[in-house]
Amino acid sequence: MDYVFSRKAKKATLLTAGIGLLLLILGLITHNGTYDSLVDHHNHNYGFAQRMWSNVLINGFFFFSISLAMLFFMALQYAAEASWAIVFKRIFEAVTSVLPWMALVIVIVLAAGQFMHAHHIYHWMSYEVGSGDHLLDHKAAFFEPSFFWARTIFFVTAFILFASYFRKKSLQEDAEGGTKIHFKNITMSAAFLVIFGYGSSVLSWDWIMSIDTHWFSTLFGWYVFAGMWLSGIIFSTLLIIYLRGLGLLKIAKKGHMHDMGKWMFALSFLWIYLFFSQFMLIWYANIPEEVTYYLSRIEDYQGIWVVMILLNFALPMLALMDADAKKNQVVVVGVGVIIFFFHWVDVFLMVSPGAMKTEATIGLIEIGMFLVFLGVFVFMVLKSLASRPLIVKNHPFIEESKYIHG
């Protein structure tokens with residue numbers, strides 16, 4: 001039985017986006033009264049426009065990373081010749097279908113800053129070489145506009161083309177069967193993983209790390225990767241549970257859900273491992289140009305920062321350690337929703353302190369923008385999911401995947 005994008009589901013996603021839009025409008029109205037206090041009258045970096053563009057970037061990147069993470073996860077399954085997740089393949093494909101639209105959001109933010117000077121999220125975009133900032137002078141070649149945009153266009157285009165290729169070949173495999181397409185997909189997955197391994201780090205440097213222009217970390221790309229992978233797994237798991245609640249995906253057994261729960265649990269530890277590795281080395285070394293990144297977050301956003309760390313680590317560790325808990329859909333949904341939101345908070349803390357200095361907050365504008373993006377993202381995923389059969393038909397491993405857990 002295939003998924004039908006019902007009127008009820010459409011209303012729910014549009015209602016989510018509508019509530020977000022309402023909160024966003026209320027936030028804009030109340031923001032007007034504090035506009036003057038949010039503007040730096042010397043460089044105008046931290047005003048109303050800066051806050052709005054920062055939020056667009058936060059949400060665009062967060063949901064782009066979810067789509068990209070599931071494209072990576074599909075390619076990983078091919079490269080490893082794994083069979084257990086084939087029953088979920090169409091769910092992963094649906095999540096990747098939104099990749100071009102979220103990429104477009106990010107490109108618009110970058111172009112608005114580079115060519116229209118609509119915001120000053122990236123201070124290096126308006127810096128003139130030789131103006132006295134030695135660190136920016138040193139990085140000038142890397143941030144040279146033609147080189148920067150060449151990187152962005154190349155990797156974004158490559159990711160979109162790979163996503164389109166795998167989705168197209170999936171339907172072709174349904175129609176033709178055999179193993180020819182499967183083995184070609186393995187080869188293409190290997191090529192994608194090479195490009196992804198480099199490109200995901202480069203884009204995290206360009207789009208996120210460069211906001212804190214004078215700071216850098218060699219672990220940053222891995223840290224962002226862990227967060228995006230975990231967020232993608234959580235979103236897909238919640239979507240699978242939703243479909244099972246509709247009486248679909250009956251071939252997915254408790255063992256399959258246990259596997260998804262194990263991924264949530266394991267990736268939470270990968271994330272905290274990379275978080276601590278980056279933080280500990282920088283904090284212990286206490287080099288001024290490095291430790292300032294954490295000082296700005298600990299001193300100006302202490303409450304948000306501490307809660308984000310605790311919930312993204314302690315909650316999955318305590319709630320998902322038991323094997324039965326990973327099979328309990330109520331537990332997985334509750335934990336998953338909380339972790340999902342606080343990984344969005346993680347992206348907020350990557351962007352806002354550098355873009356807004358001490359003036360950022362999680363208020364009506366931030367929550368509203370998040371809900372707008374969430375509603376639209378889920379709408380597009382469900383629409384894509386309904387456009388093709390829910391279960392792949394002629395994948396060489398589909399039968400093994402069905403019965404791998406008995």
# chains A, B, ... in the order shown; residues from 1 in each chain; ligands from 1
>>> residues_around(residues="range 4-13 of chain A", least_positions_apart="4", cutoff="6 Å", atoms="only C-alpha atoms", output="list of chain:residue names")
A:Gly375, A:Phe379, A:Ala386
>>> select_by_dssp(residues="range 171-238 of chain A", states="helix (DSSP H, G or I)", output="ChimeraX atom specification")
/A:171-176,180-207,209-211,220-238
>>> residues_around(residues="Gly354 in chain A", least_positions_apart="3", cutoff="6 Å", atoms="only C-alpha atoms", output="number ranges by chain")
A: 211-212, 351, 357
>>> residues_around(residues="Glu144 in chain A", least_positions_apart="4", cutoff="12 Å", atoms="only C-alpha atoms", output="ChimeraX atom specification")
/A:114,124-129,136-140,148-151,206
>>> write_last_selection(atoms="N, CA and C atoms", output="mmCIF file, in the first residue's frame")
data_model
loop_
_atom_site.group_PDB
_atom_site.id
_atom_site.type_symbol
_atom_site.label_atom_id
_atom_site.label_comp_id
_atom_site.auth_asym_id
_atom_site.auth_seq_id
_atom_site.Cartn_x
_atom_site.Cartn_y
_atom_site.Cartn_z
ATOM 1 N N GLN A 114 26.745 39.205 -0.681
ATOM 2 C CA GLN A 114 27.890 39.469 -1.542
ATOM 3 C C GLN A 114 27.642 40.598 -2.535
ATOM 4 N N TRP A 124 33.820 39.271 5.905
ATOM 5 C CA TRP A 124 34.862 39.255 4.890
ATOM 6 C C TRP A 124 34.341 39.678 3.517
ATOM 7 N N MET A 125 33.018 39.621 3.315
ATOM 8 C CA MET A 125 32.470 39.991 2.011
ATOM 9 C C MET A 125 32.656 41.471 1.706
ATOM 10 N N SER A 126 32.720 42.303 2.749
ATOM 11 C CA SER A 126 32.871 43.746 2.528
ATOM 12 C C SER A 126 34.262 44.252 2.928
ATOM 13 N N TYR A 127 35.173 43.311 3.177
ATOM 14 C CA TYR A 127 36.529 43.703 3.587
ATOM 15 C C TYR A 127 37.396 43.977 2.366
ATOM 16 N N GLU A 128 38.178 45.053 2.439
ATOM 17 C CA GLU A 128 39.122 45.381 1.377
ATOM 18 C C GLU A 128 40.516 44.943 1.800
ATOM 19 N N VAL A 129 41.140 44.134 0.964
ATOM 20 C CA VAL A 129 42.464 43.608 1.263
ATOM 21 C C VAL A 129 43.443 44.754 1.486
ATOM 22 N N LEU A 136 42.476 38.535 7.916
ATOM 23 C CA LEU A 136 41.653 38.572 6.708
ATOM 24 C C LEU A 136 42.506 38.733 5.461
ATOM 25 N N ASP A 137 43.593 39.462 5.570
ATOM 26 C CA ASP A 137 44.523 39.557 4.441
ATOM 27 C C ASP A 137 45.069 38.181 4.096
ATOM 28 N N HIS A 138 45.359 37.399 5.142
ATOM 29 C CA HIS A 138 45.907 36.060 4.952
ATOM 30 C C HIS A 138 44.893 35.128 4.286
ATOM 31 N N LYS A 139 43.603 35.348 4.565
ATOM 32 C CA LYS A 139 42.551 34.488 4.023
ATOM 33 C C LYS A 139 41.954 35.038 2.725
ATOM 34 N N ALA A 140 42.470 36.149 2.251
ATOM 35 C CA ALA A 140 41.861 36.846 1.112
ATOM 36 C C ALA A 140 41.773 35.974 -0.132
ATOM 37 N N PHE A 148 35.282 31.558 -4.222
ATOM 38 C CA PHE A 148 34.225 31.207 -3.273
ATOM 39 C C PHE A 148 32.985 30.697 -3.999
ATOM 40 N N TRP A 149 32.541 31.436 -5.010
ATOM 41 C CA TRP A 149 31.327 31.041 -5.724
ATOM 42 C C TRP A 149 31.547 29.802 -6.582
ATOM 43 N N ALA A 150 32.755 29.608 -7.076
ATOM 44 C CA ALA A 150 33.052 28.385 -7.833
ATOM 45 C C ALA A 150 32.885 27.159 -6.937
ATOM 46 N N ARG A 151 33.385 27.265 -5.695
ATOM 47 C CA ARG A 151 33.228 26.156 -4.740
ATOM 48 C C ARG A 151 31.760 25.901 -4.437
ATOM 49 N N ASP A 206 32.824 27.547 4.530
ATOM 50 C CA ASP A 206 32.409 28.731 3.776
ATOM 51 C C ASP A 206 31.142 29.360 4.335
#
>>> atom_distance(atom1="CA of Phe342 in chain A", atom2="CA of Met308 in chain A")
5.7 Å
>>> residues_around(residues="Phe62 in chain A", least_positions_apart="4", cutoff="8 Å", atoms="only C-alpha atoms", output="PDB file with N, CA and C atoms, in the first residue's frame")
ATOM      1  N   ILE A  58      20.115  30.172   9.094  1.00  0.00           N
ATOM      2  CA  ILE A  58      20.057  29.088  10.081  1.00  0.00           C
ATOM      3  C   ILE A  58      19.124  27.982   9.614  1.00  0.00           C
ATOM      4  N   ILE A  66      19.848  18.284   6.486  1.00  0.00           N
ATOM      5  CA  ILE A  66      19.050  17.062   6.673  1.00  0.00           C
ATOM      6  C   ILE A  66      18.922  16.313   5.351  1.00  0.00           C
ATOM      7  N   MET A 228      24.484  17.061  11.251  1.00  0.00           N
ATOM      8  CA  MET A 228      23.568  16.916  10.126  1.00  0.00           C
ATOM      9  C   MET A 228      23.128  15.459   9.957  1.00  0.00           C
ATOM     10  N   TRP A 344      18.752  22.037  16.008  1.00  0.00           N
ATOM     11  CA  TRP A 344      18.505  23.329  15.362  1.00  0.00           C
ATOM     12  C   TRP A 344      19.110  24.445  16.219  1.00  0.00           C
ATOM     13  N   VAL A 347      22.728  24.792  15.503  1.00  0.00           N
ATOM     14  CA  VAL A 347      23.003  25.609  14.313  1.00  0.00           C
ATOM     15  C   VAL A 347      22.808  27.091  14.636  1.00  0.00           C
TER      16      VAL A 347
END
>>> closest_residue(among="A:Tyr3, A:Phe88, A:Phe196, A:Phe235", to="Lys383 in chain A", atoms="only C-alpha atoms")
A:Tyr3
>>> atom_distance(atom1="CA of Ala226 in chain A", atom2="CA of Ala94 in chain A")
21.0 Å
>>> residues_around(residues="Ile195 in chain A", least_positions_apart="2", cutoff="12 Å", atoms="only C-alpha atoms", output="PyMOL selection string")
chain A and resi 72+75+151+154-159+162+188-193+197-203
>>> write_last_selection(atoms="N, CA and C atoms", output="PDB file, in the first residue's frame")
ATOM      1  N   PHE A  72      23.739  11.235   1.718  1.00  0.00           N
ATOM      2  CA  PHE A  72      24.946  10.544   2.163  1.00  0.00           C
ATOM      3  C   PHE A  72      24.613   9.156   2.706  1.00  0.00           C
ATOM      4  N   ALA A  75      23.890   6.719  -0.074  1.00  0.00           N
ATOM      5  CA  ALA A  75      25.128   6.337  -0.753  1.00  0.00           C
ATOM      6  C   ALA A  75      25.948   5.387   0.107  1.00  0.00           C
ATOM      7  N   ARG A 151      33.385  27.265  -5.695  1.00  0.00           N
ATOM      8  CA  ARG A 151      33.228  26.156  -4.740  1.00  0.00           C
ATOM      9  C   ARG A 151      31.760  25.901  -4.437  1.00  0.00           C
ATOM     10  N   PHE A 154      29.903  24.491  -7.547  1.00  0.00           N
ATOM     11  CA  PHE A 154      30.336  23.135  -7.886  1.00  0.00           C
ATOM     12  C   PHE A 154      29.736  22.107  -6.934  1.00  0.00           C
ATOM     13  N   PHE A 155      29.889  22.317  -5.637  1.00  0.00           N
ATOM     14  CA  PHE A 155      29.428  21.311  -4.680  1.00  0.00           C
ATOM     15  C   PHE A 155      27.908  21.237  -4.615  1.00  0.00           C
ATOM     16  N   VAL A 156      27.239  22.381  -4.643  1.00  0.00           N
ATOM     17  CA  VAL A 156      25.774  22.365  -4.613  1.00  0.00           C
ATOM     18  C   VAL A 156      25.223  21.673  -5.853  1.00  0.00           C
ATOM     19  N   THR A 157      25.777  22.002  -7.010  1.00  0.00           N
ATOM     20  CA  THR A 157      25.329  21.363  -8.253  1.00  0.00           C
ATOM     21  C   THR A 157      25.590  19.864  -8.228  1.00  0.00           C
ATOM     22  N   ALA A 158      26.768  19.474  -7.747  1.00  0.00           N
ATOM     23  CA  ALA A 158      27.102  18.048  -7.676  1.00  0.00           C
ATOM     24  C   ALA A 158      26.134  17.313  -6.765  1.00  0.00           C
ATOM     25  N   PHE A 159      25.832  17.872  -5.610  1.00  0.00           N
ATOM     26  CA  PHE A 159      24.921  17.207  -4.675  1.00  0.00           C
ATOM     27  C   PHE A 159      23.521  17.078  -5.264  1.00  0.00           C
ATOM     28  N   PHE A 162      23.545  14.352  -8.026  1.00  0.00           N
ATOM     29  CA  PHE A 162      23.587  13.008  -7.451  1.00  0.00           C
ATOM     30  C   PHE A 162      22.231  12.625  -6.866  1.00  0.00           C
ATOM     31  N   MET A 188      28.564   4.941  -8.502  1.00  0.00           N
ATOM     32  CA  MET A 188      28.207   6.346  -8.359  1.00  0.00           C
ATOM     33  C   MET A 188      28.245   6.771  -6.889  1.00  0.00           C
ATOM     34  N   SER A 189      27.881   5.859  -6.005  1.00  0.00           N
ATOM     35  CA  SER A 189      27.927   6.168  -4.574  1.00  0.00           C
ATOM     36  C   SER A 189      29.356   6.408  -4.108  1.00  0.00           C
ATOM     37  N   ALA A 190      30.269   5.594  -4.608  1.00  0.00           N
ATOM     38  CA  ALA A 190      31.675   5.780  -4.250  1.00  0.00           C
ATOM     39  C   ALA A 190      32.168   7.151  -4.706  1.00  0.00           C
ATOM     40  N   ALA A 191      31.772   7.552  -5.920  1.00  0.00           N
ATOM     41  CA  ALA A 191      32.160   8.879  -6.429  1.00  0.00           C
ATOM     42  C   ALA A 191      31.535   9.978  -5.573  1.00  0.00           C
ATOM     43  N   PHE A 192      30.254   9.795  -5.231  1.00  0.00           N
ATOM     44  CA  PHE A 192      29.582  10.796  -4.404  1.00  0.00           C
ATOM     45  C   PHE A 192      30.249  10.940  -3.047  1.00  0.00           C
ATOM     46  N   LEU A 193      30.596   9.830  -2.416  1.00  0.00           N
ATOM     47  CA  LEU A 193      31.173   9.882  -1.074  1.00  0.00           C
ATOM     48  C   LEU A 193      32.496  10.635  -1.059  1.00  0.00           C
ATOM     49  N   GLY A 197      32.688  13.933   1.064  1.00  0.00           N
ATOM     50  CA  GLY A 197      33.655  13.992   2.147  1.00  0.00           C
ATOM     51  C   GLY A 197      34.424  15.297   2.167  1.00  0.00           C
ATOM     52  N   TYR A 198      34.746  15.797   0.998  1.00  0.00           N
ATOM     53  CA  TYR A 198      35.452  17.075   0.917  1.00  0.00           C
ATOM     54  C   TYR A 198      34.474  18.245   0.911  1.00  0.00           C
ATOM     55  N   GLY A 199      33.425  18.118   0.113  1.00  0.00           N
ATOM     56  CA  GLY A 199      32.493  19.224  -0.078  1.00  0.00           C
ATOM     57  C   GLY A 199      31.715  19.600   1.158  1.00  0.00           C
ATOM     58  N   SER A 200      31.308  18.615   1.957  1.00  0.00           N
ATOM     59  CA  SER A 200      30.536  18.940   3.162  1.00  0.00           C
ATOM     60  C   SER A 200      31.372  19.758   4.139  1.00  0.00           C
ATOM     61  N   SER A 201      32.666  19.453   4.213  1.00  0.00           N
ATOM     62  CA  SER A 201      33.548  20.235   5.085  1.00  0.00           C
ATOM     63  C   SER A 201      33.777  21.631   4.531  1.00  0.00           C
ATOM     64  N   VAL A 202      34.044  21.726   3.235  1.00  0.00           N
ATOM     65  CA  VAL A 202      34.314  23.026   2.621  1.00  0.00           C
ATOM     66  C   VAL A 202      33.111  23.954   2.760  1.00  0.00           C
ATOM     67  N   LEU A 203      31.914  23.427   2.505  1.00  0.00           N
ATOM     68  CA  LEU A 203      30.723  24.257   2.605  1.00  0.00           C
ATOM     69  C   LEU A 203      30.463  24.676   4.045  1.00  0.00           C
TER      70      LEU A 203
END
>>> closest_residue(among="A:Met356, A:Leu57, A:Leu364, A:Ile234", to="Gly336 in chain A", atoms="only C-alpha atoms")
A:Ile234
>>> closest_residue(among="A:His214, A:Leu71, A:Lys184, A:Gly255", to="Tyr403 in chain A", atoms="only C-alpha atoms")
A:Gly255
>>> decode(residues="range 112-161 of chain A", atoms="N, CA and C atoms", output="mmCIF file, in the first residue's frame")
data_model
loop_
_atom_site.group_PDB
_atom_site.id
_atom_site.type_symbol
_atom_site.label_atom_id
_atom_site.label_comp_id
_atom_site.auth_asym_id
_atom_site.auth_seq_id
_atom_site.Cartn_x
_atom_site.Cartn_y
_atom_site.Cartn_z
ATOM 1 N N ALA A 112 22.725 37.784 -1.496
ATOM 2 C CA ALA A 112 22.234 39.045 -0.910
ATOM 3 C C ALA A 112 23.343 39.757 -0.148
ATOM 4 N N GLY A 113 24.199 38.994 0.509
ATOM 5 C CA GLY A 113 25.309 39.605 1.235
ATOM 6 C C GLY A 113 26.450 40.027 0.331
ATOM 7 N N GLN A 114 26.745 39.205 -0.681
ATOM 8 C CA GLN A 114 27.890 39.469 -1.542
ATOM 9 C C GLN A 114 27.642 40.598 -2.535
ATOM 10 N N PHE A 115 26.462 40.586 -3.165
ATOM 11 C CA PHE A 115 26.224 41.494 -4.290
ATOM 12 C C PHE A 115 25.273 42.647 -3.964
ATOM 13 N N MET A 116 24.403 42.468 -2.953
ATOM 14 C CA MET A 116 23.418 43.500 -2.644
ATOM 15 C C MET A 116 23.722 44.196 -1.316
ATOM 16 N N HIS A 117 24.655 43.631 -0.534
ATOM 17 C CA HIS A 117 24.996 44.166 0.796
ATOM 18 C C HIS A 117 23.739 44.326 1.666
ATOM 19 N N ALA A 118 22.833 43.337 1.533
ATOM 20 C CA ALA A 118 21.580 43.364 2.290
ATOM 21 C C ALA A 118 21.802 42.981 3.748
ATOM 22 N N HIS A 119 22.915 42.361 4.030
ATOM 23 C CA HIS A 119 23.273 41.997 5.401
ATOM 24 C C HIS A 119 24.788 41.938 5.512
ATOM 25 N N HIS A 120 25.258 41.798 6.755
ATOM 26 C CA HIS A 120 26.698 41.737 7.011
ATOM 27 C C HIS A 120 27.017 40.513 7.874
ATOM 28 N N ILE A 121 26.379 39.396 7.533
ATOM 29 C CA ILE A 121 26.649 38.151 8.265
ATOM 30 C C ILE A 121 28.098 37.735 8.062
ATOM 31 N N TYR A 122 28.575 37.877 6.822
ATOM 32 C CA TYR A 122 29.946 37.498 6.480
ATOM 33 C C TYR A 122 30.766 38.785 6.345
ATOM 34 N N HIS A 123 31.502 39.123 7.382
ATOM 35 C CA HIS A 123 32.241 40.384 7.390
ATOM 36 C C HIS A 123 33.303 40.437 6.291
ATOM 37 N N TRP A 124 33.820 39.271 5.905
ATOM 38 C CA TRP A 124 34.862 39.255 4.890
ATOM 39 C C TRP A 124 34.341 39.678 3.517
ATOM 40 N N MET A 125 33.018 39.621 3.315
ATOM 41 C CA MET A 125 32.470 39.991 2.011
ATOM 42 C C MET A 125 32.656 41.471 1.706
ATOM 43 N N SER A 126 32.720 42.303 2.749
ATOM 44 C CA SER A 126 32.871 43.746 2.528
ATOM 45 C C SER A 126 34.262 44.252 2.928
ATOM 46 N N TYR A 127 35.173 43.311 3.177
ATOM 47 C CA TYR A 127 36.529 43.703 3.587
ATOM 48 C C TYR A 127 37.396 43.977 2.366
ATOM 49 N N GLU A 128 38.178 45.053 2.439
ATOM 50 C CA GLU A 128 39.122 45.381 1.377
ATOM 51 C C GLU A 128 40.516 44.943 1.800
ATOM 52 N N VAL A 129 41.140 44.134 0.964
ATOM 53 C CA VAL A 129 42.464 43.608 1.263
ATOM 54 C C VAL A 129 43.443 44.754 1.486
ATOM 55 N N GLY A 130 44.242 44.629 2.557
ATOM 56 C CA GLY A 130 45.211 45.652 2.881
ATOM 57 C C GLY A 130 44.693 46.713 3.825
ATOM 58 N N SER A 131 43.498 46.467 4.392
ATOM 59 C CA SER A 131 42.898 47.461 5.290
ATOM 60 C C SER A 131 43.400 47.351 6.719
ATOM 61 N N GLY A 132 44.326 46.444 6.955
ATOM 62 C CA GLY A 132 44.941 46.381 8.278
ATOM 63 C C GLY A 132 44.594 45.156 9.103
ATOM 64 N N ASP A 133 43.672 44.326 8.621
ATOM 65 C CA ASP A 133 43.333 43.096 9.330
ATOM 66 C C ASP A 133 44.188 41.975 8.743
ATOM 67 N N HIS A 134 45.253 41.613 9.463
ATOM 68 C CA HIS A 134 46.220 40.664 8.909
ATOM 69 C C HIS A 134 45.629 39.277 8.690
ATOM 70 N N LEU A 135 44.719 38.845 9.561
ATOM 71 C CA LEU A 135 44.101 37.531 9.398
ATOM 72 C C LEU A 135 43.231 37.484 8.149
ATOM 73 N N LEU A 136 42.476 38.535 7.916
ATOM 74 C CA LEU A 136 41.653 38.572 6.708
ATOM 75 C C LEU A 136 42.506 38.733 5.461
ATOM 76 N N ASP A 137 43.593 39.462 5.570
ATOM 77 C CA ASP A 137 44.523 39.557 4.441
ATOM 78 C C ASP A 137 45.069 38.181 4.096
ATOM 79 N N HIS A 138 45.359 37.399 5.142
ATOM 80 C CA HIS A 138 45.907 36.060 4.952
ATOM 81 C C HIS A 138 44.893 35.128 4.286
ATOM 82 N N LYS A 139 43.603 35.348 4.565
ATOM 83 C CA LYS A 139 42.551 34.488 4.023
ATOM 84 C C LYS A 139 41.954 35.038 2.725
ATOM 85 N N ALA A 140 42.470 36.149 2.251
ATOM 86 C CA ALA A 140 41.861 36.846 1.112
ATOM 87 C C ALA A 140 41.773 35.974 -0.132
ATOM 88 N N ALA A 141 42.807 35.193 -0.411
ATOM 89 C CA ALA A 141 42.796 34.353 -1.610
ATOM 90 C C ALA A 141 41.698 33.302 -1.538
ATOM 91 N N PHE A 142 41.486 32.742 -0.344
ATOM 92 C CA PHE A 142 40.463 31.718 -0.172
ATOM 93 C C PHE A 142 39.061 32.305 -0.343
ATOM 94 N N PHE A 143 38.874 33.536 0.119
ATOM 95 C CA PHE A 143 37.562 34.165 0.048
ATOM 96 C C PHE A 143 37.392 35.046 -1.179
ATOM 97 N N GLU A 144 38.325 34.979 -2.090
ATOM 98 C CA GLU A 144 38.194 35.741 -3.331
ATOM 99 C C GLU A 144 36.872 35.318 -3.997
ATOM 100 N N PRO A 145 35.993 36.289 -4.367
ATOM 101 C CA PRO A 145 34.624 35.959 -4.801
ATOM 102 C C PRO A 145 34.513 34.872 -5.868
ATOM 103 N N SER A 146 35.330 34.938 -6.898
ATOM 104 C CA SER A 146 35.197 33.942 -7.965
ATOM 105 C C SER A 146 35.528 32.541 -7.458
ATOM 106 N N PHE A 147 36.520 32.421 -6.577
ATOM 107 C CA PHE A 147 36.876 31.125 -6.007
ATOM 108 C C PHE A 147 35.794 30.638 -5.046
ATOM 109 N N PHE A 148 35.282 31.558 -4.222
ATOM 110 C CA PHE A 148 34.225 31.207 -3.273
ATOM 111 C C PHE A 148 32.985 30.697 -3.999
ATOM 112 N N TRP A 149 32.541 31.436 -5.010
ATOM 113 C CA TRP A 149 31.327 31.041 -5.724
ATOM 114 C C TRP A 149 31.547 29.802 -6.582
ATOM 115 N N ALA A 150 32.755 29.608 -7.076
ATOM 116 C CA ALA A 150 33.052 28.385 -7.833
ATOM 117 C C ALA A 150 32.885 27.159 -6.937
ATOM 118 N N ARG A 151 33.385 27.265 -5.695
ATOM 119 C CA ARG A 151 33.228 26.156 -4.740
ATOM 120 C C ARG A 151 31.760 25.901 -4.437
ATOM 121 N N THR A 152 31.050 26.960 -4.130
ATOM 122 C CA THR A 152 29.642 26.813 -3.775
ATOM 123 C C THR A 152 28.844 26.195 -4.914
ATOM 124 N N ILE A 153 29.001 26.737 -6.111
ATOM 125 C CA ILE A 153 28.235 26.257 -7.263
ATOM 126 C C ILE A 153 28.608 24.814 -7.593
ATOM 127 N N PHE A 154 29.903 24.491 -7.547
ATOM 128 C CA PHE A 154 30.336 23.135 -7.886
ATOM 129 C C PHE A 154 29.736 22.107 -6.934
ATOM 130 N N PHE A 155 29.889 22.317 -5.637
ATOM 131 C CA PHE A 155 29.428 21.311 -4.680
ATOM 132 C C PHE A 155 27.908 21.237 -4.615
ATOM 133 N N VAL A 156 27.239 22.381 -4.643
ATOM 134 C CA VAL A 156 25.774 22.365 -4.613
ATOM 135 C C VAL A 156 25.223 21.673 -5.853
ATOM 136 N N THR A 157 25.777 22.002 -7.010
ATOM 137 C CA THR A 157 25.329 21.363 -8.253
ATOM 138 C C THR A 157 25.590 19.864 -8.228
ATOM 139 N N ALA A 158 26.768 19.474 -7.747
ATOM 140 C CA ALA A 158 27.102 18.048 -7.676
ATOM 141 C C ALA A 158 26.134 17.313 -6.765
ATOM 142 N N PHE A 159 25.832 17.872 -5.610
ATOM 143 C CA PHE A 159 24.921 17.207 -4.675
ATOM 144 C C PHE A 159 23.521 17.078 -5.264
ATOM 145 N N ILE A 160 23.057 18.128 -5.931
ATOM 146 C CA ILE A 160 21.719 18.093 -6.534
ATOM 147 C C ILE A 160 21.662 17.058 -7.653
ATOM 148 N N LEU A 161 22.693 17.005 -8.470
ATOM 149 C CA LEU A 161 22.718 16.040 -9.578
ATOM 150 C C LEU A 161 22.764 14.608 -9.063
#
